>>> print(open('query-v7.cif').read())   # mmCIF, C-alpha atoms
data_start
loop_
_atom_site.label_atom_id
_atom_site.label_comp_id
_atom_site.auth_asym_id
_atom_site.auth_seq_id
_atom_site.Cartn_x
_atom_site.Cartn_y
_atom_site.Cartn_z
CA ILE A 847 -70.26 20.05 -1.19
CA LEU A 848 -68.16 22.75 -2.87
CA ASN A 849 -70.16 25.47 -1.08
CA ARG A 850 -69.52 23.85 2.29
CA VAL A 851 -65.82 23.51 1.46
CA LYS A 852 -65.61 27.18 0.43
CA SER A 853 -67.07 28.17 3.78
CA VAL A 854 -63.76 27.04 5.33
CA ALA A 855 -61.36 27.52 2.36
CA PRO A 856 -62.71 30.29 0.10
CA ALA A 857 -60.08 29.60 -2.61
CA ALA A 858 -61.16 25.98 -3.05
CA SER A 859 -62.09 24.67 -6.47
CA VAL A 860 -63.00 21.36 -8.10
CA HIS A 861 -59.86 19.55 -9.22
CA THR A 862 -61.19 16.30 -10.69
CA PHE A 863 -64.72 14.92 -11.01
CA ASN A 864 -66.27 11.59 -12.07
CA ASP A 865 -69.30 9.47 -11.24
CA LYS A 866 -67.80 7.95 -8.10
CA SER A 867 -65.49 10.59 -6.63
CA VAL A 868 -64.69 14.24 -6.65
CA SER A 869 -61.50 15.99 -5.50
CA PHE A 870 -61.09 19.59 -4.45
CA GLN A 871 -58.03 21.80 -4.51
CA LEU A 872 -58.11 23.94 -1.37
CA GLY A 873 -55.72 26.62 -2.62
CA THR A 874 -54.23 27.05 0.85
CA ALA A 875 -51.58 25.41 3.02
CA ASP A 876 -52.96 26.67 6.31
CA ALA A 877 -53.09 23.80 8.80
CA LYS A 878 -56.02 25.36 10.67
CA ALA A 879 -58.09 25.55 7.50
CA VAL A 880 -57.35 21.92 6.68
CA SER A 881 -58.22 20.71 10.20
CA GLY A 882 -61.41 22.78 10.19
CA LEU A 883 -62.44 21.32 6.85
CA LEU A 884 -61.85 17.77 8.10
CA ALA A 885 -63.97 18.45 11.16
CA LEU A 886 -66.73 19.87 8.95
CA VAL A 887 -66.72 16.87 6.63
CA GLU A 888 -66.80 14.45 9.55
CA SER A 889 -69.72 16.22 11.22
CA GLU A 890 -71.82 16.51 8.01
CA ARG A 891 -70.74 13.24 6.46
CA GLN A 892 -74.22 11.69 6.48
CA GLN A 893 -75.95 14.82 5.23
CA LEU A 894 -73.50 15.24 2.33
CA ARG A 895 -73.66 11.47 1.59
CA ILE A 896 -69.84 11.01 1.77
CA SER A 897 -68.78 7.37 2.07
CA SER A 898 -65.04 8.02 2.49
CA TYR A 899 -62.58 10.88 2.26
CA ASP A 900 -58.86 11.50 2.52
CA THR A 901 -56.30 14.28 2.10
CA HIS A 902 -53.02 14.44 0.22
CA GLY A 903 -50.40 17.06 -0.51
CA THR A 904 -49.59 18.59 -3.84
CA SER A 905 -47.63 16.20 -6.08
CA LEU A 906 -44.42 17.13 -7.87
CA GLU A 907 -46.20 16.90 -11.21
CA GLU A 908 -48.81 19.41 -10.08
CA VAL A 909 -46.07 21.79 -8.98
CA PHE A 910 -44.43 21.59 -12.40
CA LEU A 911 -47.75 22.14 -14.16
CA SER A 912 -48.47 25.15 -11.99
CA LEU A 913 -45.09 26.67 -12.75
CA MET A 914 -45.54 26.03 -16.45
CA GLU A 915 -48.94 27.74 -16.41
CA LYS A 916 -47.49 30.77 -14.66
CA GLU A 917 -44.60 30.95 -17.12
CA ASN A 918 -46.96 30.64 -20.10
CA SER A 919 -49.21 33.35 -18.75
CA GLU A 920 -46.27 35.68 -18.16
CA SER A 921 -44.91 35.04 -21.65
CA GLU A 922 -48.33 35.76 -23.15
CA LYS A 923 -48.51 39.02 -21.26
CA THR A 924 -45.05 39.95 -22.50
CA GLU A 925 -45.99 39.19 -26.12
CA GLU A 926 -49.16 41.26 -25.80
CA ALA A 927 -47.17 44.16 -24.35
CA SER A 928 -44.64 43.96 -27.18
CA GLN A 929 -47.39 43.86 -29.80
CA THR A 930 -48.98 46.89 -28.18
CA GLU A 931 -45.68 48.78 -28.36
CA LYS A 932 -45.26 47.92 -32.04
CA LEU A 933 -48.81 49.09 -32.86
CA THR A 934 -48.47 52.33 -30.94
CA PRO A 935 -47.58 55.17 -33.38
CA GLY A 936 -44.56 57.35 -32.64
CA VAL A 937 -42.93 54.77 -30.41
CA GLU A 938 -39.96 52.96 -31.91
CA ALA A 939 -39.28 49.44 -30.59
CA THR A 940 -35.71 48.88 -29.46
CA PRO A 941 -34.31 45.46 -30.39
CA ILE A 942 -32.97 43.40 -27.55
CA SER A 943 -29.41 42.20 -28.03
CA TYR A 944 -27.84 39.42 -25.99
CA ASP A 945 -24.40 40.30 -27.18
CA ASP A 946 -22.35 42.39 -24.74
CA GLY A 947 -20.50 44.12 -27.56
CA ALA A 948 -17.25 42.21 -27.12
CA GLY A 949 -18.17 39.18 -29.15
CA LYS A 950 -19.08 37.16 -26.07
CA HIS A 951 -22.23 35.12 -25.89
CA SER A 952 -24.46 34.35 -22.95
CA PRO A 953 -22.39 32.76 -20.11
CA LEU A 954 -24.17 29.41 -20.19
CA SER A 955 -22.50 26.00 -19.89
CA ASP A 956 -21.90 24.16 -23.14
CA GLY A 957 -22.72 20.85 -21.45
CA ARG A 958 -19.24 19.38 -21.78
CA LYS A 959 -17.93 17.15 -19.01
CA THR A 960 -15.33 18.82 -16.78
CA SER A 961 -11.96 17.11 -16.91
CA ALA A 962 -10.65 15.28 -13.85
CA PHE A 963 -7.64 17.60 -13.68
CA SER A 964 -9.87 20.70 -13.53
CA GLN A 965 -11.98 19.10 -10.82
CA ALA A 966 -8.81 18.26 -8.89
CA LEU A 967 -7.66 21.87 -9.08
CA VAL A 968 -11.00 23.01 -7.67
CA ILE A 969 -10.68 20.58 -4.75
CA CYS A 970 -7.09 21.74 -4.16
CA LEU A 971 -8.16 25.42 -4.18
CA LYS A 972 -10.92 24.64 -1.71
CA ARG A 973 -8.39 22.94 0.60
CA PHE A 974 -6.09 25.97 0.43
CA MET A 975 -8.98 28.27 1.33
CA VAL A 976 -9.90 26.04 4.27
CA ALA A 977 -6.24 25.90 5.38
CA ARG A 978 -6.23 29.67 5.83
CA ARG A 979 -8.46 29.22 8.85
CA SER A 980 -7.84 25.60 9.80
CA PHE A 981 -4.07 25.14 9.60
CA LEU A 982 -3.48 22.94 12.66
CA GLY A 983 -3.38 19.68 10.67
CA PRO A 984 -0.61 20.68 8.21
CA ILE A 985 1.44 22.24 11.02
CA LEU A 986 1.23 19.07 13.12
CA ALA A 987 2.22 16.96 10.09
CA LEU A 988 5.30 19.13 9.46
CA ALA A 989 6.19 19.13 13.15
CA CYS A 990 6.00 15.33 13.29
CA LEU A 991 8.21 14.94 10.21
CA LEU A 992 10.80 17.50 11.35
CA CYS A 993 11.01 16.05 14.88
CA ALA A 994 11.60 12.63 13.34
CA ALA A 995 14.44 14.10 11.27
CA ILE A 996 16.09 16.28 13.94
CA ILE A 997 15.87 14.44 17.26
CA PRO A 998 17.50 11.08 16.28
CA LEU A 999 20.50 12.83 14.69
CA ARG A 1000 22.21 12.80 18.07
CA TYR A 1001 22.57 9.03 17.73
CA MET A 1002 24.67 9.52 14.59
CA THR A 1003 27.09 12.22 15.74
CA LYS A 1004 29.87 10.01 17.14
CA ARG A 1005 29.15 6.91 15.08
CA HIS A 1006 31.89 5.51 12.84
CA GLU A 1007 31.09 6.89 9.40
CA SER A 1008 32.69 4.14 7.33
CA CYS A 1009 30.60 1.27 5.99
CA ALA A 1010 33.65 -1.00 5.64
CA ALA A 1011 33.52 -4.24 7.62
CA LYS A 1012 35.89 -4.67 10.53
CA VAL A 1013 37.35 -8.17 10.42
CA SER A 1014 38.03 -9.98 13.67
CA ASP A 1015 40.51 -12.89 13.72
CA ASP A 1016 39.32 -14.31 17.02
CA PHE A 1017 37.23 -17.02 15.35
CA TYR A 1018 39.16 -17.34 12.10
CA TYR A 1019 40.75 -20.80 11.64
CA THR A 1020 41.80 -23.21 8.90
CA GLN A 1021 41.10 -26.96 8.89
CA ASP A 1022 43.24 -29.47 6.95
CA LEU A 1023 41.07 -31.89 4.93
CA TYR A 1024 43.70 -34.57 4.20
CA LEU A 1025 42.50 -37.41 6.43
CA PRO A 1026 45.84 -39.21 7.05
CA THR A 1027 47.23 -36.05 8.72
CA ALA A 1028 44.09 -34.24 9.91
CA GLY A 1029 42.54 -37.17 11.78
CA PRO A 1030 38.83 -38.00 11.91
CA TYR A 1031 38.00 -35.71 14.84
CA GLY A 1032 38.84 -32.64 12.78
CA VAL A 1033 36.33 -33.31 10.02
CA ILE A 1034 33.18 -34.59 11.78
CA GLY A 1035 30.78 -32.63 13.87
CA ALA A 1036 29.82 -35.30 16.44
CA ASN A 1037 31.27 -38.44 17.94
CA GLY A 1038 30.22 -41.59 16.10
CA ALA A 1039 30.22 -45.24 16.95
CA ASP A 1040 32.83 -46.09 14.30
CA MET A 1041 35.56 -43.57 13.39
CA SER A 1042 37.06 -45.74 10.65
CA THR A 1043 37.22 -44.89 6.96
CA PHE A 1044 36.37 -47.76 4.62
CA VAL A 1045 38.26 -48.05 1.33
CA SER A 1046 37.31 -50.47 -1.44
CA PRO A 1047 39.45 -52.15 -2.78
CA PHE A 1048 41.67 -52.00 0.28
CA GLN A 1049 45.00 -52.35 -1.60
CA LEU A 1050 44.56 -48.84 -2.89
CA THR A 1051 45.53 -47.51 0.54
CA GLU A 1052 49.18 -48.22 -0.29
CA TYR A 1053 49.16 -45.11 -2.42
CA LEU A 1054 48.64 -43.04 0.74
CA GLY A 1055 52.18 -43.75 1.94
CA ASN A 1056 53.03 -43.78 5.63
CA ILE A 1057 49.68 -43.53 7.40
CA THR A 1058 49.67 -42.14 10.96
CA ASP A 1059 46.66 -41.32 13.12
CA PHE A 1060 44.34 -42.62 10.42
CA ASP A 1061 42.10 -45.66 10.91
CA VAL A 1062 41.30 -47.23 7.56
CA GLU A 1063 39.52 -50.55 7.09
CA ALA A 1064 38.49 -52.80 4.23
CA VAL A 1065 34.98 -53.70 3.21
CA PRO A 1066 34.33 -57.38 4.17
CA SER A 1067 34.73 -59.84 1.34
CA GLY A 1068 31.59 -61.00 -0.41
CA VAL A 1069 29.83 -57.71 0.26
CA THR A 1070 29.70 -54.84 -2.19
CA PHE A 1071 30.45 -51.31 -1.10
CA ASP A 1072 26.87 -50.23 -1.68
CA ASP A 1073 25.42 -53.07 0.36
CA PHE A 1074 27.87 -52.46 3.20
CA ILE A 1075 26.97 -48.78 3.45
CA SER A 1076 23.25 -49.59 3.28
CA LEU A 1077 23.57 -52.04 6.18
CA HIS A 1078 25.85 -49.98 8.44
CA TYR A 1079 25.14 -46.34 7.54
CA TRP A 1080 23.65 -45.69 10.98
CA ASN A 1081 26.94 -46.70 12.68
CA LEU A 1082 29.41 -44.82 10.44
CA SER A 1083 30.59 -41.33 11.37
CA ILE A 1084 32.92 -40.67 8.43
CA GLY A 1085 31.96 -43.07 5.61
CA GLY A 1086 34.03 -44.60 2.86
CA VAL A 1087 35.46 -44.44 -0.66
CA SER A 1088 35.03 -46.95 -3.49
CA LEU A 1089 37.29 -46.68 -6.58
CA ASP A 1090 37.01 -48.52 -9.90
CA VAL A 1091 40.58 -49.33 -11.01
CA ASN A 1092 39.68 -49.69 -14.67
CA THR A 1093 37.41 -46.68 -15.21
CA ARG A 1094 38.91 -44.60 -12.37
CA GLN A 1095 35.47 -43.57 -11.13
CA ALA A 1096 35.03 -42.87 -7.42
CA LEU A 1097 32.00 -43.38 -5.20
CA ILE A 1098 31.91 -41.50 -1.89
CA ALA A 1099 29.53 -42.23 0.98
CA TYR A 1100 29.38 -40.03 4.09
CA GLU A 1101 26.97 -38.86 6.75
CA GLY A 1102 25.45 -35.48 5.90
CA GLU A 1103 25.54 -33.94 9.36
CA ALA A 1104 25.68 -30.25 10.21
CA TYR A 1105 29.20 -28.80 10.68
CA SER A 1106 30.72 -32.02 9.31
CA LEU A 1107 33.54 -31.89 6.75
CA ALA A 1108 33.52 -35.61 6.03
CA GLY A 1109 32.31 -35.15 2.45
CA PRO A 1110 35.10 -32.76 1.33
CA ALA A 1111 37.67 -34.82 3.26
CA LEU A 1112 36.68 -38.09 1.51
CA LEU A 1113 36.69 -36.29 -1.84
CA ASN A 1114 40.26 -35.10 -1.14
CA LEU A 1115 41.24 -38.64 -0.12
CA ALA A 1116 39.84 -40.11 -3.37
CA SER A 1117 41.64 -37.42 -5.41
CA ASN A 1118 45.01 -38.24 -3.83
CA ILE A 1119 44.57 -42.01 -4.36
CA MET A 1120 43.63 -41.60 -8.02
CA LEU A 1121 46.47 -39.15 -8.71
CA ASN A 1122 49.06 -41.40 -7.03
CA GLN A 1123 47.70 -44.39 -8.94
CA ILE A 1124 48.13 -42.60 -12.25
CA GLU A 1125 51.64 -41.33 -11.45
CA ASN A 1126 52.62 -44.42 -9.43
CA THR A 1127 53.61 -42.32 -6.42
CA LYS A 1128 52.78 -42.31 -2.72
CA GLY A 1129 51.92 -39.75 -0.06
CA PRO A 1130 49.85 -36.57 -0.06
CA ARG A 1131 49.75 -34.71 -3.37
CA ILE A 1132 46.61 -32.60 -2.94
CA ILE A 1133 46.08 -31.10 0.49
CA ALA A 1134 42.84 -29.11 0.61
CA GLN A 1135 41.88 -26.82 3.46
CA HIS A 1136 38.64 -25.48 4.82
CA SER A 1137 38.28 -22.12 6.54
CA GLU A 1138 35.33 -20.20 7.94
CA PHE A 1139 34.36 -16.81 6.63
CA ALA A 1140 35.98 -13.99 8.53
CA ALA A 1141 33.81 -12.89 11.44
CA ASN A 1142 32.40 -9.40 10.98
CA PHE A 1143 31.43 -7.38 14.04
CA PRO A 1144 30.44 -3.89 12.84
CA SER A 1145 30.64 -1.15 15.46
CA GLY A 1146 27.90 1.39 16.11
CA THR A 1147 25.07 -0.88 15.01
CA ALA A 1148 22.95 -0.09 18.05
CA ASP A 1149 23.16 3.66 17.39
CA ALA A 1150 22.11 3.12 13.79
CA LEU A 1151 19.17 1.00 14.92
CA LYS A 1152 18.09 3.75 17.33
CA TRP A 1153 18.11 6.26 14.50
CA ILE A 1154 16.20 3.90 12.20
CA GLY A 1155 13.60 3.17 14.87
CA PHE A 1156 12.97 6.80 15.84
CA PHE A 1157 13.02 8.17 12.30
CA GLY A 1158 10.97 5.27 10.91
CA LEU A 1159 8.31 5.75 13.59
CA GLY A 1160 8.07 9.46 12.80
CA ILE A 1161 7.65 9.08 9.06
CA ALA A 1162 5.18 6.23 9.63
CA ILE A 1163 2.93 8.50 11.74
CA PHE A 1164 3.31 11.50 9.42
CA PRO A 1165 0.85 10.32 6.67
CA ALA A 1166 -1.92 9.84 9.24
CA PHE A 1167 -2.50 13.60 9.33
CA ALA A 1168 -3.54 13.48 5.66
CA THR A 1169 -6.57 11.39 6.62
CA LEU A 1170 -8.07 13.99 8.98
CA TYR A 1171 -9.70 16.22 6.36
CA VAL A 1172 -10.66 13.35 4.03
CA ALA A 1173 -12.25 11.33 6.84
CA ARG A 1174 -14.13 14.38 8.13
CA GLU A 1175 -15.40 15.07 4.62
CA ARG A 1176 -16.67 11.50 4.30
CA ILE A 1177 -18.35 11.44 7.73
CA SER A 1178 -20.15 14.76 7.15
CA ALA A 1179 -21.56 13.50 3.79
CA VAL A 1180 -19.79 16.31 1.90
CA LYS A 1181 -17.97 13.75 -0.22
CA ALA A 1182 -21.22 12.01 -1.16
CA MET A 1183 -22.72 15.34 -2.20
CA GLN A 1184 -19.66 16.15 -4.33
CA LEU A 1185 -19.76 12.77 -6.04
CA GLY A 1186 -23.46 13.22 -6.62
CA ASN A 1187 -22.77 16.53 -8.36
CA GLY A 1188 -20.47 14.89 -10.91
CA LEU A 1189 -17.10 14.79 -9.14
CA THR A 1190 -15.13 11.67 -10.09
CA PRO A 1191 -13.27 9.66 -7.40
CA ASP A 1192 -9.91 10.01 -9.13
CA ALA A 1193 -10.29 13.80 -9.29
CA HIS A 1194 -11.32 13.84 -5.63
CA HIS A 1195 -8.20 12.02 -4.42
CA LEU A 1196 -5.93 13.85 -6.87
CA GLY A 1197 -7.15 17.19 -5.58
CA HIS A 1198 -6.47 16.22 -1.97
CA LEU A 1199 -3.02 14.94 -3.01
CA PHE A 1200 -2.27 18.32 -4.62
CA ALA A 1201 -3.29 19.98 -1.35
CA GLU A 1202 -0.87 17.76 0.61
CA MET A 1203 2.07 18.30 -1.76
CA PRO A 1204 3.35 21.49 -0.04
CA VAL A 1205 3.66 19.62 3.26
CA ILE A 1206 5.46 16.73 1.54
CA ILE A 1207 7.89 18.93 -0.37
CA ILE A 1208 8.63 21.31 2.53
CA GLY A 1209 9.12 18.44 4.99
CA SER A 1210 11.39 16.51 2.61
CA THR A 1211 13.47 19.58 1.76
CA VAL A 1212 13.99 20.64 5.38
CA SER A 1213 14.84 17.08 6.44
CA ILE A 1214 17.47 16.70 3.71
CA ALA A 1215 18.89 20.12 4.57
CA LEU A 1216 19.28 19.00 8.18
CA PHE A 1217 20.95 15.77 7.10
CA GLY A 1218 23.42 17.69 4.98
CA ALA A 1219 24.10 20.43 7.56
CA GLY A 1220 27.68 20.32 8.81
CA HIS A 1221 28.68 17.87 6.05
CA ASN A 1222 27.56 14.88 8.08
CA PRO A 1223 29.37 11.85 6.58
CA GLN A 1224 26.58 9.49 7.63
CA PHE A 1225 24.36 10.55 4.69
CA THR A 1226 25.39 10.52 1.03
CA ASP A 1227 23.56 11.24 -2.25
CA LEU A 1228 21.21 13.71 -0.59
CA GLY A 1229 19.59 14.61 -3.91
CA LEU A 1230 18.53 11.02 -4.50
CA LEU A 1231 17.45 10.75 -0.87
CA TRP A 1232 15.23 13.84 -1.31
CA PHE A 1233 13.59 12.25 -4.35
CA ILE A 1234 12.95 9.07 -2.36
CA PHE A 1235 11.41 11.10 0.48
CA VAL A 1236 9.02 12.84 -1.93
CA LEU A 1237 7.99 9.54 -3.51
CA TYR A 1238 7.41 8.06 -0.07
CA GLY A 1239 5.29 11.05 0.91
CA ILE A 1240 3.10 10.68 -2.18
CA ALA A 1241 2.70 6.92 -1.76
CA ALA A 1242 2.02 7.18 1.97
CA THR A 1243 -0.54 9.96 1.44
CA LEU A 1244 -2.43 7.91 -1.16
CA MET A 1245 -2.36 4.94 1.19
CA SER A 1246 -3.81 7.12 3.96
CA PHE A 1247 -6.63 8.15 1.59
CA LEU A 1248 -7.34 4.46 1.05
CA ALA A 1249 -7.43 3.88 4.82
CA ALA A 1250 -9.87 6.80 5.20
CA LEU A 1251 -12.45 4.93 3.12
CA PHE A 1252 -13.10 2.48 5.97
#
>>> encode(input="query-v7.cif", output="structure tokens")
Amino acid sequence: ILNRVKSVAPAASVHTFNDKSVSFQLGTADAKAVSGLLALVESERQQLRISSYDTHGTSLEEVFLSLMEKENSESEKTEEASQTEKLTPGVEATPISYDDGAGKHSPLSDGRKTSAFSQALVICLKRFMVARRSFLGPILALACLLCAAIIPLRYMTKRHESCAAKVSDDFYYTQDLYLPTAGPYGVIGANGADMSTFVSPFQLTEYLGNITDFDVEAVPSGVTFDDFISLHYWNLSIGGVSLDVNTRQALIAYEGEAYSLAGPALLNLASNIMLNQIENTKGPRIIAQHSEFAANFPSGTADALKWIGFFGLGIAIFPAFATLYVARERISAVKAMQLGNGLTPDAHHLGHLFAEMPVIIIGSTVSIALFGAGHNPQFTDLGLLWFIFVLYGIAATLMSFLAALF
């Protein structure tokens, strides 16, 4: 069989042999030789008594063994040549030195793991080298940020620069809470079925003095104040007051409706009755008042909202340009190859952040310089504002890297 195989592949040799099978190493990778050998085996299969056959390529182990054999043979030849030189008379062997004379050893890696900061610097340097030819992304990012800082400034030129509130007295009023003089319609928010104020015991109303425009009634006899309120709470708009003469403790019941002042008014009524009872006097002694907060209508709010909307939209779009290179790197499998070669994820993102820092710092500096140009009173503490801009740029860039993962 070997002779027939050599007729097609002269470099063929027996690779393995046992009682049931034999394998040959052809010693060639020519496709024509392989196809010719297969045709020969198929045509003479019965004559050569071959039950089955197959072909397979060289395994990785065989490649390694072949390389090792070549290296061993070369090293043996080198040793023989060196021995010959030593044995030859009159020829002095020159020692081989691996030292370059400056105390430096062979430039081989010591096997230590590269720090994440060093890896980040390599990524940053690579980005800078790429930016020398592909600089459209950083320029567009700066243009977006500067347009967002310059264009909306026209909304702030004629705006009132003070942050002080301008008080308007158009809706500013004061409401008297003393029921005998204020009347029930001034302290409730809606019309009720019964506008009376119930006082228990009723004889305490004599301490109120001359009552005008004030409807006060007594709780029916045989019914406690609590029971009366529980039975008629749905038909009472103001409520009532119950006082204990001995302990001088007051119980106030009122409807908790929006915009109603019945609770404070009844509390003021109970305070006057108790004070007059102690001093044995009549009439109003404590007159409380209720007033709304002063209405504040700041001017120039619409202009400020225009500036916030335009500037906020610009700085929201600005970090998207940081995702272009990172996303392209992920799609083209460059990132996977870098991670496979030992690059850590934190070093990868830190290096790209270092590469984006010039855009962040330049954009923040120019924007703050424009805000401060002409001593615009709309912006104060520009140094702190610059620091906030830089922090926002870093945070937004890292967030864009996170978005580029999906």
>>> closest_residue(input="query-v7.cif", among="A:Tyr1024, A:Tyr1001, A:Phe1156, A:Phe1247", to="Ile1133 in chain A", atoms="all atoms listed in the file")
A:Tyr1024
>>> closest_residue(input="query-v7.cif", among="A:Glu1052, A:Asp1022, A:Glu1202, A:Glu1063", to="Asn1114 in chain A", atoms="all atoms listed in the file")
A:Asp1022
>>> atom_distance(input="query-v7.cif", atom1="CA of Ile1119 in chain A", atom2="CA of Thr1051 in chain A")
7.4 Å
>>> residues_around(input="query-v7.cif", residues="Lys852 in chain A", least_positions_apart="5", cutoff="10 Å", atoms="only C-alpha atoms", output="PyMOL selection string")
chain A and resi 847+857-859+872+883
>>> closest_residue(input="query-v7.cif", among="A:Tyr1100, A:Phe1060, A:Phe1048, A:Phe1164", to="Asp1072 in chain A", atoms="all atoms listed in the file")
A:Tyr1100
>>> closest_residue(input="query-v7.cif", among="A:Ala1250, A:Leu1054, A:Ala1064, A:Met975", to="Asn1122 in chain A", atoms="all atoms listed in the file")
A:Leu1054
>>> residues_around(input="query-v7.cif", residues="range 1090-1098 of chain A", least_positions_apart="3", cutoff="8 Å", atoms="all atoms listed in the file", output="VMD selection string")
chain A and resid 1085 to 1087 1109 1112 to 1113 1116 1120
>>> decode(input="query-v7.cif", residues="range 1051-1066 of chain A", atoms="N, CA, C and O atoms", output="PDB file, in the first residue's frame")
ATOM      1  N   THR A1051     -72.329  82.699  76.803  1.00  0.00           N
ATOM      2  CA  THR A1051     -72.335  83.706  75.736  1.00  0.00           C
ATOM      3  C   THR A1051     -72.470  85.119  76.284  1.00  0.00           C
ATOM      4  O   THR A1051     -72.212  86.087  75.559  1.00  0.00           O
ATOM      5  N   GLU A1052     -72.866  85.248  77.577  1.00  0.00           N
ATOM      6  CA  GLU A1052     -72.969  86.593  78.135  1.00  0.00           C
ATOM      7  C   GLU A1052     -71.619  87.271  78.256  1.00  0.00           C
ATOM      8  O   GLU A1052     -71.536  88.493  78.324  1.00  0.00           O
ATOM      9  N   TYR A1053     -70.551  86.491  78.243  1.00  0.00           N
ATOM     10  CA  TYR A1053     -69.226  87.089  78.306  1.00  0.00           C
ATOM     11  C   TYR A1053     -68.804  87.714  76.976  1.00  0.00           C
ATOM     12  O   TYR A1053     -67.781  88.393  76.910  1.00  0.00           O
ATOM     13  N   LEU A1054     -69.602  87.486  75.911  1.00  0.00           N
ATOM     14  CA  LEU A1054     -69.266  88.060  74.618  1.00  0.00           C
ATOM     15  C   LEU A1054     -69.754  89.500  74.489  1.00  0.00           C
ATOM     16  O   LEU A1054     -69.419  90.184  73.522  1.00  0.00           O
ATOM     17  N   GLY A1055     -70.545  89.968  75.406  1.00  0.00           N
ATOM     18  CA  GLY A1055     -71.033  91.346  75.378  1.00  0.00           C
ATOM     19  C   GLY A1055     -72.158  91.502  74.387  1.00  0.00           C
ATOM     20  O   GLY A1055     -72.986  90.604  74.178  1.00  0.00           O
ATOM     21  N   ASN A1056     -72.231  92.688  73.764  1.00  0.00           N
ATOM     22  CA  ASN A1056     -73.275  93.009  72.811  1.00  0.00           C
ATOM     23  C   ASN A1056     -72.994  92.294  71.494  1.00  0.00           C
ATOM     24  O   ASN A1056     -72.075  92.656  70.758  1.00  0.00           O
ATOM     25  N   ILE A1057     -73.806  91.278  71.208  1.00  0.00           N
ATOM     26  CA  ILE A1057     -73.594  90.468  70.009  1.00  0.00           C
ATOM     27  C   ILE A1057     -74.431  91.020  68.871  1.00  0.00           C
ATOM     28  O   ILE A1057     -75.644  91.181  68.994  1.00  0.00           O
ATOM     29  N   THR A1058     -73.782  91.319  67.752  1.00  0.00           N
ATOM     30  CA  THR A1058     -74.483  91.774  66.539  1.00  0.00           C
ATOM     31  C   THR A1058     -74.004  90.930  65.369  1.00  0.00           C
ATOM     32  O   THR A1058     -72.805  90.611  65.251  1.00  0.00           O
ATOM     33  N   ASP A1059     -74.930  90.610  64.487  1.00  0.00           N
ATOM     34  CA  ASP A1059     -74.610  89.830  63.283  1.00  0.00           C
ATOM     35  C   ASP A1059     -73.914  88.520  63.652  1.00  0.00           C
ATOM     36  O   ASP A1059     -72.936  88.124  63.035  1.00  0.00           O
ATOM     37  N   PHE A1060     -74.403  87.871  64.703  1.00  0.00           N
ATOM     38  CA  PHE A1060     -73.803  86.629  65.139  1.00  0.00           C
ATOM     39  C   PHE A1060     -74.895  85.732  65.688  1.00  0.00           C
ATOM     40  O   PHE A1060     -75.529  86.062  66.704  1.00  0.00           O
ATOM     41  N   ASP A1061     -75.170  84.630  64.999  1.00  0.00           N
ATOM     42  CA  ASP A1061     -76.234  83.702  65.366  1.00  0.00           C
ATOM     43  C   ASP A1061     -75.641  82.611  66.244  1.00  0.00           C
ATOM     44  O   ASP A1061     -74.858  81.777  65.784  1.00  0.00           O
ATOM     45  N   VAL A1062     -75.983  82.629  67.519  1.00  0.00           N
ATOM     46  CA  VAL A1062     -75.484  81.645  68.452  1.00  0.00           C
ATOM     47  C   VAL A1062     -76.679  80.918  69.057  1.00  0.00           C
ATOM     48  O   VAL A1062     -77.706  81.522  69.376  1.00  0.00           O
ATOM     49  N   GLU A1063     -76.563  79.612  69.222  1.00  0.00           N
ATOM     50  CA  GLU A1063     -77.652  78.801  69.741  1.00  0.00           C
ATOM     51  C   GLU A1063     -77.105  77.861  70.810  1.00  0.00           C
ATOM     52  O   GLU A1063     -75.906  77.603  70.890  1.00  0.00           O
ATOM     53  N   ALA A1064     -78.068  77.350  71.602  1.00  0.00           N
ATOM     54  CA  ALA A1064     -77.710  76.430  72.687  1.00  0.00           C
ATOM     55  C   ALA A1064     -77.940  74.999  72.246  1.00  0.00           C
ATOM     56  O   ALA A1064     -78.788  74.709  71.392  1.00  0.00           O
ATOM     57  N   VAL A1065     -77.175  74.107  72.820  1.00  0.00           N
ATOM     58  CA  VAL A1065     -77.369  72.683  72.572  1.00  0.00           C
ATOM     59  C   VAL A1065     -78.624  72.250  73.308  1.00  0.00           C
ATOM     60  O   VAL A1065     -78.819  72.612  74.478  1.00  0.00           O
ATOM     61  N   PRO A1066     -79.559  71.518  72.665  1.00  0.00           N
ATOM     62  CA  PRO A1066     -80.797  71.104  73.343  1.00  0.00           C
ATOM     63  C   PRO A1066     -80.500  70.380  74.652  1.00  0.00           C
ATOM     64  O   PRO A1066     -79.502  69.676  74.791  1.00  0.00           O
TER      65      PRO A1066
END
